[in-house]
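Enquirer: Mind having a look at this structure? Questions to follow.
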Amino acid sequence: MGRDFLARAARVLGIGEAATPFGRSLLEVRYRALQRQIPLLYVIALGNFIGLHLAVEATEFDRVSHPVNLIMLIVVVRLAYWMRTRSRSLPPERILAELIKTWLLAAAFSAMFCYWAIQLFAIGDPAQQNYIVLFASLAAIGCAYGLSSFPSAARLPLLLFALPLATFLVLSGRTGHIAVGISLGLITLLIGRLLEIHNSGYTELVRSRSEVEAERERAQKAEVTALAEKARVREVADTDPLTGLANRRAFLSLLEAIVAVEGRDRAVTLAMVDLDGFKPINDTFGHATGDAVLRQVGDRLRKAGGAGSLAARMGGDEFALLVPSCAGRAAAARLGARVAFELRRPYEVEGREFRLSGGCGLLLIEPHDRDLPLALGRCDTALYRAKQRGRGEYALFTREMEKVTRRRAALERALRDPAVHEQVRLAFQPIWELESGRLQSFEALARWDHPELGPISPGEFIPITEQIHAVEAIGATLLERAALEARHWPDSVLLSFNLSAVQLCSTDAARRILETLATAKLDPARLQFEVTETALLVDFDSARTNLRLLREAGARIVLDDFGAGYASVSYLREIDFDAIKLDGSLVVAAAETPSALRLLRGVVQLCASLGVPCVAEHVETEAQLAVLKQLHCRYGQGFLLSHPLGAVAARALAESRVVPLAAGSRRAAA
């Protein structure tokens with residue numbers, strides 16, 4: 001049968017349709033019910049056939065039963081068919097075809113049985129007629145109930161069998177038959193009504209179940225969608241949007257989970273990477289170029305880590321790698337070499353070629369290691385060691401480095417102790433005018449003698465004070481002490497004081513510095529503040545604002561370590577400096593090679609063209625001093641001229657004001 005014909009026939013017969021979820025559900029429920037009921041219906045038909053056969057004389061029965069015998073044969077065949085297919089499942093279109101076939105057979109059987117019963121009634125005696133009415137009525141009512149799940153088919157035994165038989169009895173003219181006919185008609189109408197009610201409830205039940213199922217499906221789909229969205233949100237939350245790598249939070253979460261696993265049977269390698277030379281690319285060529293380089297860095301780290309590794313961007317130009325398959329020190333060292341090699345290869349962005357490198361610190365996390373903060377600290381220690389070795393180097397953590405970690409932890413604890421303000425003292429290194437030998441200023445230098453850790457160099461403890469945010473408090477204390485000491489010097493001798501990046505870039509740094517000087521009652525004009533280009537890099541706008549306020553108050557501003565970085569010339573254009581202090585490496589090299597001498601001469605001439613005096617540091621030999629005088633460098637400081645002095649010695653030197661410069665003029669060190 002064609003699909004269109006089935007659909008039209010289904011609508012006419014009220015069977016249902018296969019186009020909607022409810023229609024399909026109704027069809028399936030009707031079919032399952034018929035699979036259980038129709039075999040019983042055919043048994044009822046056969047039973048009544050046999051009953052009629054026994055109730056009527058054989059000769060008369062045979063005379064009117066030949067057509068019915070064919071129908072009964074079909075009944076037997078259909079009974080066998082339905083018995084064989086009781087548990088079969090069919091698609092909706094096949095169910096429609098089966099129901100239409102059932103409706104047609106129900107119509108044919110009902111009409112044939114009605115005709116046969118009336119014919120038997122006409123030839124039977126009164127006793128036989130009673131049996132005929134009984135069996136015929138039972139057959140019609142039983143078949144109707146047998147088809148109750150299929151209302152349009154269930155009406156057929158009533159309309160084509162029971163009602164015609166009741167009408168025939170009423171029209172027979174015999175009182176008893178009329179009464180039976182009326183009763184049979186009323187029962188038929190009642191059963192028809194009950195079938196309608198049953199069908200209505202049946203349909204509503206199926207509709208309700210269908211809606212519940214549809215709602216369940218919608219809920220399941222919504223749950224799947226929600227889970228997918230949650231997974232997507234989690235992926236977004238765990239992913240660095242620029243490089244597509246894991247972000248810091250996701251990386252640390254996974255690392256923590258791995259470290260916490262009990263019974264882990266092998267080590268894993270953790271690598272921390274810090275790029276060298278990325279900031280100039282970002283500043284010079286723009287963030288778009290810098291972002292493209294970072295994406296390439298991420299791809300190379302994935303490649304270096306290999307399958308099963310996790311690469312992450314920890315922030316800025318810092319990255320990390322976790323490599324479970326790298327479980328030995330030799331394998332970890334090879335990983336470090338691969339990372340260094342991959343990062344050194346040229347980067348190409350829009351036709352331009354860039355070069356940078358990255359320091360890599362590696363740590364082998366053994367199965368018994370459970371302390372994540374300790375592991376991260378050790379890896380940072382290895383990275384620090386790699387950075388000390390030079391650009392593009394790597395270092396694998398060793399037990400010897402553990403001493404560095406323990407010492408750093410001890411220094412951090414000591415720097416957080418309020419007693420540190422009493423332990424840190426000042427030394428003063430003179431800065432001389434080289435031609436005249438006049439004392440120009442003293443640079444205040446921090447010295448720390450810890451009762452347990454012993455003497456600690458500024459190069460070791462000052463970076464830690466910046467990292468743990470203790471430098472402002474200690475710096476304020478030292479500035480106040482230095483200012484109080486400078487009050488004892490002649491007005492012509494200045495105090496030179498270094499400002500760290502944290503001090504320089506705080507929003508109200510200038511105000512607090514000037515308040516400290518006011519408390520010490522020292523004129524800001526007696527101060528010259530030294531700042532490095534590294535400090536300016538942290539927050540240039542805030543630094544420029546603070547330096548402007550200090551300069552407006554009368555203080556001098558000196559650019560320190562000129563020549564050690566990469567962007568100093570741009571700062572000479574952006575900020576008005578009162579002096580430029582040359583990095584010591586320029587001075588040391590100038591007395592050794594002609595090329596270094598030419599470089600130093602160019603820097604001194606640059607300062608002269610800007611009308612800014614230059615200060616040379618690390619003057620340690622007579623040859624260096626001679627070169628500086630020859631180049632007309634105005635000021636200098638270093639061990640050849642004087643070691644740092646204690647407060648008393650500095651005061652005595654300041655009062656003498658002029659000291660001849662010679663190799664034998666070194667003062668006692670503080």
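In the structure tokens, chains take the letters A, B, ... in the order shown, each chain's residues start at 1, and ligands count up from 1 in the order shown.
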Considering only C-alpha atoms, return as a VMD selection string whatever protein or nucleic-acid residues lie within 10 Å of Gly611 of chain A, sequence-local ones (same chain, fewer than 6 positions apart) excluded.

Expert: chain A and resid 577 to 579 605

Enquirer: Could you please write out, as an MDAnalysis selection string, every residue of segment 211-435 of chain A that DSSP assigns to strand (DSSP E or B)?

Expert: chainID A and resid 239 246:247 268:276 310:315 318:323 347:349 352:354 357:365 394:396 424:433

Enquirer: Okay, now the selection with C-alpha atoms, as a PDB file, in the first residue's frame?

Expert:
ATOM      1  CA  THR A 239      42.045  27.241  28.216  1.00  0.00           C
ATOM      2  CA  ALA A 246      45.806  25.044  29.226  1.00  0.00           C
ATOM      3  CA  ASN A 247      45.786  28.077  31.499  1.00  0.00           C
ATOM      4  CA  VAL A 268      56.759  12.766  35.869  1.00  0.00           C
ATOM      5  CA  THR A 269      58.687  15.784  34.617  1.00  0.00           C
ATOM      6  CA  LEU A 270      57.606  19.352  35.280  1.00  0.00           C
ATOM      7  CA  ALA A 271      59.154  22.127  33.201  1.00  0.00           C
ATOM      8  CA  MET A 272      58.818  25.882  33.681  1.00  0.00           C
ATOM      9  CA  VAL A 273      59.728  28.169  30.765  1.00  0.00           C
ATOM     10  CA  ASP A 274      60.390  31.900  30.787  1.00  0.00           C
ATOM     11  CA  LEU A 275      61.011  33.612  27.443  1.00  0.00           C
ATOM     12  CA  ASP A 276      64.060  35.820  26.827  1.00  0.00           C
ATOM     13  CA  LEU A 310      50.273  19.042  28.755  1.00  0.00           C
ATOM     14  CA  ALA A 311      51.508  22.493  27.770  1.00  0.00           C
ATOM     15  CA  ALA A 312      50.172  25.568  29.546  1.00  0.00           C
ATOM     16  CA  ARG A 313      50.562  29.311  29.428  1.00  0.00           C
ATOM     17  CA  MET A 314      51.022  30.432  33.009  1.00  0.00           C
ATOM     18  CA  GLY A 315      50.773  34.131  32.190  1.00  0.00           C
ATOM     19  CA  GLU A 318      55.743  32.232  31.078  1.00  0.00           C
ATOM     20  CA  PHE A 319      54.856  28.660  30.089  1.00  0.00           C
ATOM     21  CA  ALA A 320      54.880  25.210  31.658  1.00  0.00           C
ATOM     22  CA  LEU A 321      55.058  21.594  30.513  1.00  0.00           C
ATOM     23  CA  LEU A 322      53.983  18.406  32.253  1.00  0.00           C
ATOM     24  CA  VAL A 323      55.362  15.249  30.632  1.00  0.00           C
ATOM     25  CA  TYR A 347      59.871  32.858  14.336  1.00  0.00           C
ATOM     26  CA  GLU A 348      58.234  34.240  11.205  1.00  0.00           C
ATOM     27  CA  VAL A 349      55.269  36.611  11.369  1.00  0.00           C
ATOM     28  CA  ARG A 352      59.392  39.234   9.389  1.00  0.00           C
ATOM     29  CA  GLU A 353      61.787  36.937  11.194  1.00  0.00           C
ATOM     30  CA  PHE A 354      62.184  37.168  14.960  1.00  0.00           C
ATOM     31  CA  SER A 357      64.917  32.069  23.467  1.00  0.00           C
ATOM     32  CA  GLY A 358      63.656  30.724  26.730  1.00  0.00           C
ATOM     33  CA  GLY A 359      65.106  29.577  30.028  1.00  0.00           C
ATOM     34  CA  CYS A 360      63.779  26.185  31.127  1.00  0.00           C
ATOM     35  CA  GLY A 361      63.792  24.815  34.663  1.00  0.00           C
ATOM     36  CA  LEU A 362      62.983  21.122  35.054  1.00  0.00           C
ATOM     37  CA  LEU A 363      61.997  18.994  38.023  1.00  0.00           C
ATOM     38  CA  LEU A 364      61.559  15.249  38.229  1.00  0.00           C
ATOM     39  CA  ILE A 365      58.535  14.676  40.509  1.00  0.00           C
ATOM     40  CA  TYR A 394      67.998  24.803  30.817  1.00  0.00           C
ATOM     41  CA  ALA A 395      68.668  23.313  34.237  1.00  0.00           C
ATOM     42  CA  LEU A 396      67.405  20.181  35.980  1.00  0.00           C
ATOM     43  CA  VAL A 424      69.592  46.334  57.865  1.00  0.00           C
ATOM     44  CA  ARG A 425      72.095  49.170  57.967  1.00  0.00           C
ATOM     45  CA  LEU A 426      73.502  51.677  55.511  1.00  0.00           C
ATOM     46  CA  ALA A 427      76.872  52.117  53.842  1.00  0.00           C
ATOM     47  CA  PHE A 428      77.791  55.152  51.772  1.00  0.00           C
ATOM     48  CA  GLN A 429      79.961  54.966  48.636  1.00  0.00           C
ATOM     49  CA  PRO A 430      81.391  58.287  47.443  1.00  0.00           C
ATOM     50  CA  ILE A 431      80.772  59.592  43.939  1.00  0.00           C
ATOM     51  CA  TRP A 432      83.576  61.886  42.784  1.00  0.00           C
ATOM     52  CA  GLU A 433      84.007  64.574  40.194  1.00  0.00           C
TER      53      GLU A 433
END

Enquirer: Write out as a ChimeraX atom specification the residues lying within 8 Å of segment 492-500 of chain A, counting only C-alpha atoms and excluding same-chain residues fewer than 4 positions away.

Expert: /A:439-445,466,471,479,482-483,486,504,526-531,535,654

Enquirer: Please return as a PyMOL selection string: the residues of segment 522-611 of chain A that backbone DSSP assigns to helix (DSSP H, G or I).

Expert: chain A and resi 524-526+533-538+540-552+568-574+584-590+594-610

Enquirer: Tell me, as a list in words, which residues lie within 6 Å of Ala267 of chain A, counting only C-alpha atoms; anything in the same chain fewer than 2 positions away does not count.

Expert: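 These residues fall inside the cut-off: Ala327, Ile365, Glu366 and Pro367 of chain A.
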
Enquirer: Include N, CA and C atoms and write out the residues we just selected as a JSON list (two decimals), in the first residue's frame.

Expert:
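File produced: out-v5.json:
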[["chain", "number", "residue", "atom", "x", "y", "z"],
["A", 327, "ALA", "N", 60.30, 10.08, 32.55],
["A", 327, "ALA", "CA", 60.35, 9.62, 33.94],
["A", 327, "ALA", "C", 61.75, 9.43, 34.49],
["A", 365, "ILE", "N", 59.41, 14.89, 39.35],
["A", 365, "ILE", "CA", 58.53, 14.68, 40.51],
["A", 365, "ILE", "C", 58.43, 13.17, 40.74],
["A", 366, "GLU", "N", 59.06, 12.71, 41.80],
["A", 366, "GLU", "CA", 59.11, 11.28, 42.09],
["A", 366, "GLU", "C", 57.77, 10.79, 42.63],
["A", 367, "PRO", "N", 57.51, 9.46, 42.59],
["A", 367, "PRO", "CA", 56.22, 8.93, 43.06],
["A", 367, "PRO", "C", 55.90, 9.28, 44.52]]

Enquirer: Pick the closest to Ala386 of chain A from A:Glu412, A:Ala127, A:Ala337, A:Glu211: which is it, counting only C-alpha atoms?

Expert: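 Looking only at the distances to Ala386 of chain A, the closest residue turns out to be A:Ala337.
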
Enquirer: Determine the nearest neighbour of Glu472 of chain A from the options A:Ser210, A:Gln503, A:Ser200, A:Gln129, counting only C-alpha atoms.

Expert: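 Closest residue, counting only C-alpha atoms: A:Gln503.
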
Enquirer: Give me, as a list in words, all polymer residues having an atom no more than 12 Å from His488 of chain A, counting only C-alpha atoms and skipping those fewer than 6 positions away in the same chain.

Expert: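 Contacts, in chain order: Arg481, Ala482, Leu494, Leu495, Ala520, Lys521, Leu522, Arg526, Ala647, Val648, Ala649, Ala650, Arg651, Ala652, Leu653, Ala654 and Glu655 of chain A.
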
Enquirer: Save out the residues we just selected, N, CA and C atoms, as a CSV table (one decimal), in the first residue's frame.

Expert:
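again-v4.csv was written with the following content:
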chain,number,residue,atom,x,y,z
A,481,ARG,N,66.6,57.0,57.4
A,481,ARG,CA,67.9,56.9,58.1
A,481,ARG,C,69.0,57.6,57.3
A,482,ALA,N,69.0,57.4,55.9
A,482,ALA,CA,70.0,58.0,55.1
A,482,ALA,C,69.8,59.6,55.1
A,494,LEU,N,75.5,65.6,48.0
A,494,LEU,CA,74.2,65.1,47.8
A,494,LEU,C,74.1,63.6,48.3
A,495,LEU,N,72.8,63.2,48.6
A,495,LEU,CA,72.5,61.9,48.9
A,495,LEU,C,71.9,61.2,47.7
A,520,ALA,N,62.4,63.8,58.1
A,520,ALA,CA,63.8,63.8,58.4
A,520,ALA,C,64.4,65.3,58.3
A,521,LYS,N,63.5,66.2,57.8
A,521,LYS,CA,63.9,67.6,57.7
A,521,LYS,C,65.1,67.8,56.7
A,522,LEU,N,65.0,67.1,55.6
A,522,LEU,CA,66.1,67.2,54.6
A,522,LEU,C,65.4,67.7,53.3
A,526,ARG,N,68.6,68.1,48.1
A,526,ARG,CA,69.8,67.4,48.5
A,526,ARG,C,69.8,65.9,48.1
A,647,ALA,N,78.8,55.2,58.4
A,647,ALA,CA,78.2,56.5,58.6
A,647,ALA,C,79.3,57.5,59.2
A,648,VAL,N,80.0,57.1,60.1
A,648,VAL,CA,81.0,57.9,60.8
A,648,VAL,C,82.1,58.3,59.8
A,649,ALA,N,82.6,57.3,59.0
A,649,ALA,CA,83.7,57.6,58.0
A,649,ALA,C,83.2,58.5,56.9
A,650,ALA,N,81.9,58.3,56.5
A,650,ALA,CA,81.3,59.1,55.4
A,650,ALA,C,81.2,60.5,55.9
A,651,ARG,N,80.8,60.7,57.2
A,651,ARG,CA,80.6,62.1,57.7
A,651,ARG,C,82.0,62.8,57.7
A,652,ALA,N,83.0,62.1,58.1
A,652,ALA,CA,84.4,62.7,58.2
A,652,ALA,C,84.8,63.0,56.8
A,653,LEU,N,84.6,62.1,55.8
A,653,LEU,CA,85.0,62.4,54.4
A,653,LEU,C,84.2,63.6,53.9
A,654,ALA,N,82.9,63.7,54.2
A,654,ALA,CA,82.1,64.8,53.7
A,654,ALA,C,82.6,66.2,54.3
A,655,GLU,N,83.0,66.1,55.5
A,655,GLU,CA,83.5,67.4,56.1
A,655,GLU,C,84.9,67.8,55.5

Enquirer: Work out how far atom CA of Pro451 of chain A is from atom CA of Thr398 of chain A, in Å to one decimal.

Expert: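 Computing the Euclidean distance for atom CA of Thr398 of chain A and atom CA of Pro451 of chain A yields 28.4 Å.
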
Enquirer: Mind pulling up the distance from atom CA of Val206 of chain A to atom CA of Thr225 of chain A?

Expert: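 Atom-to-atom, atom CA of Thr225 of chain A and atom CA of Val206 of chain A are spaced 27.7 Å apart.
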
Enquirer: Please report the interatomic distance between atom CA of Arg334 of chain A and atom CA of Gly306 of chain A in Å with one decimal.

Expert: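 So the two atoms, atom CA of Arg334 of chain A and atom CA of Gly306 of chain A, lie 12.2 Å apart.
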
Enquirer: Excluding same-chain residues fewer than 5 positions from Arg30 of chain A, what lies within 9 Å of it counting only C-alpha atoms, as a list in words?

Expert: Ile15, Ser25, Gln35, Leu99, Ser149 and Phe150 of chain A

Enquirer: Can you pull out every residue within 9 Å of Val420 of chain A, counting only C-alpha atoms, but drop anything in the same chain fewer than 6 positions away, and send it as an mmCIF file with C-alpha atoms, in the first residue's frame?

Expert:
data_model
loop_
_atom_site.group_PDB
_atom_site.id
_atom_site.type_symbol
_atom_site.label_atom_id
_atom_site.label_comp_id
_atom_site.auth_asym_id
_atom_site.auth_seq_id
_atom_site.Cartn_x
_atom_site.Cartn_y
_atom_site.Cartn_z
ATOM 1 C CA ALA A 414 63.780 36.830 58.046
ATOM 2 C CA TRP A 448 72.246 43.260 56.080
ATOM 3 C CA HIS A 450 71.617 38.616 60.107
ATOM 4 C CA ILE A 474 62.319 48.568 54.359
#

Enquirer: For Ala616 of chain A, which residue out of A:Asp583, A:Asp283, A:Glu342, A:Glu592 is the nearest one, using only C-alpha atoms?

Expert: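 Smallest separation from Ala616 of chain A among the options: A:Asp583.
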
Enquirer: Which of these residues is nearest to Ile557 of chain A, using only C-alpha atoms: A:Pro346, A:Pro594, A:Pro613, A:Gly584?

Expert: A:Pro613
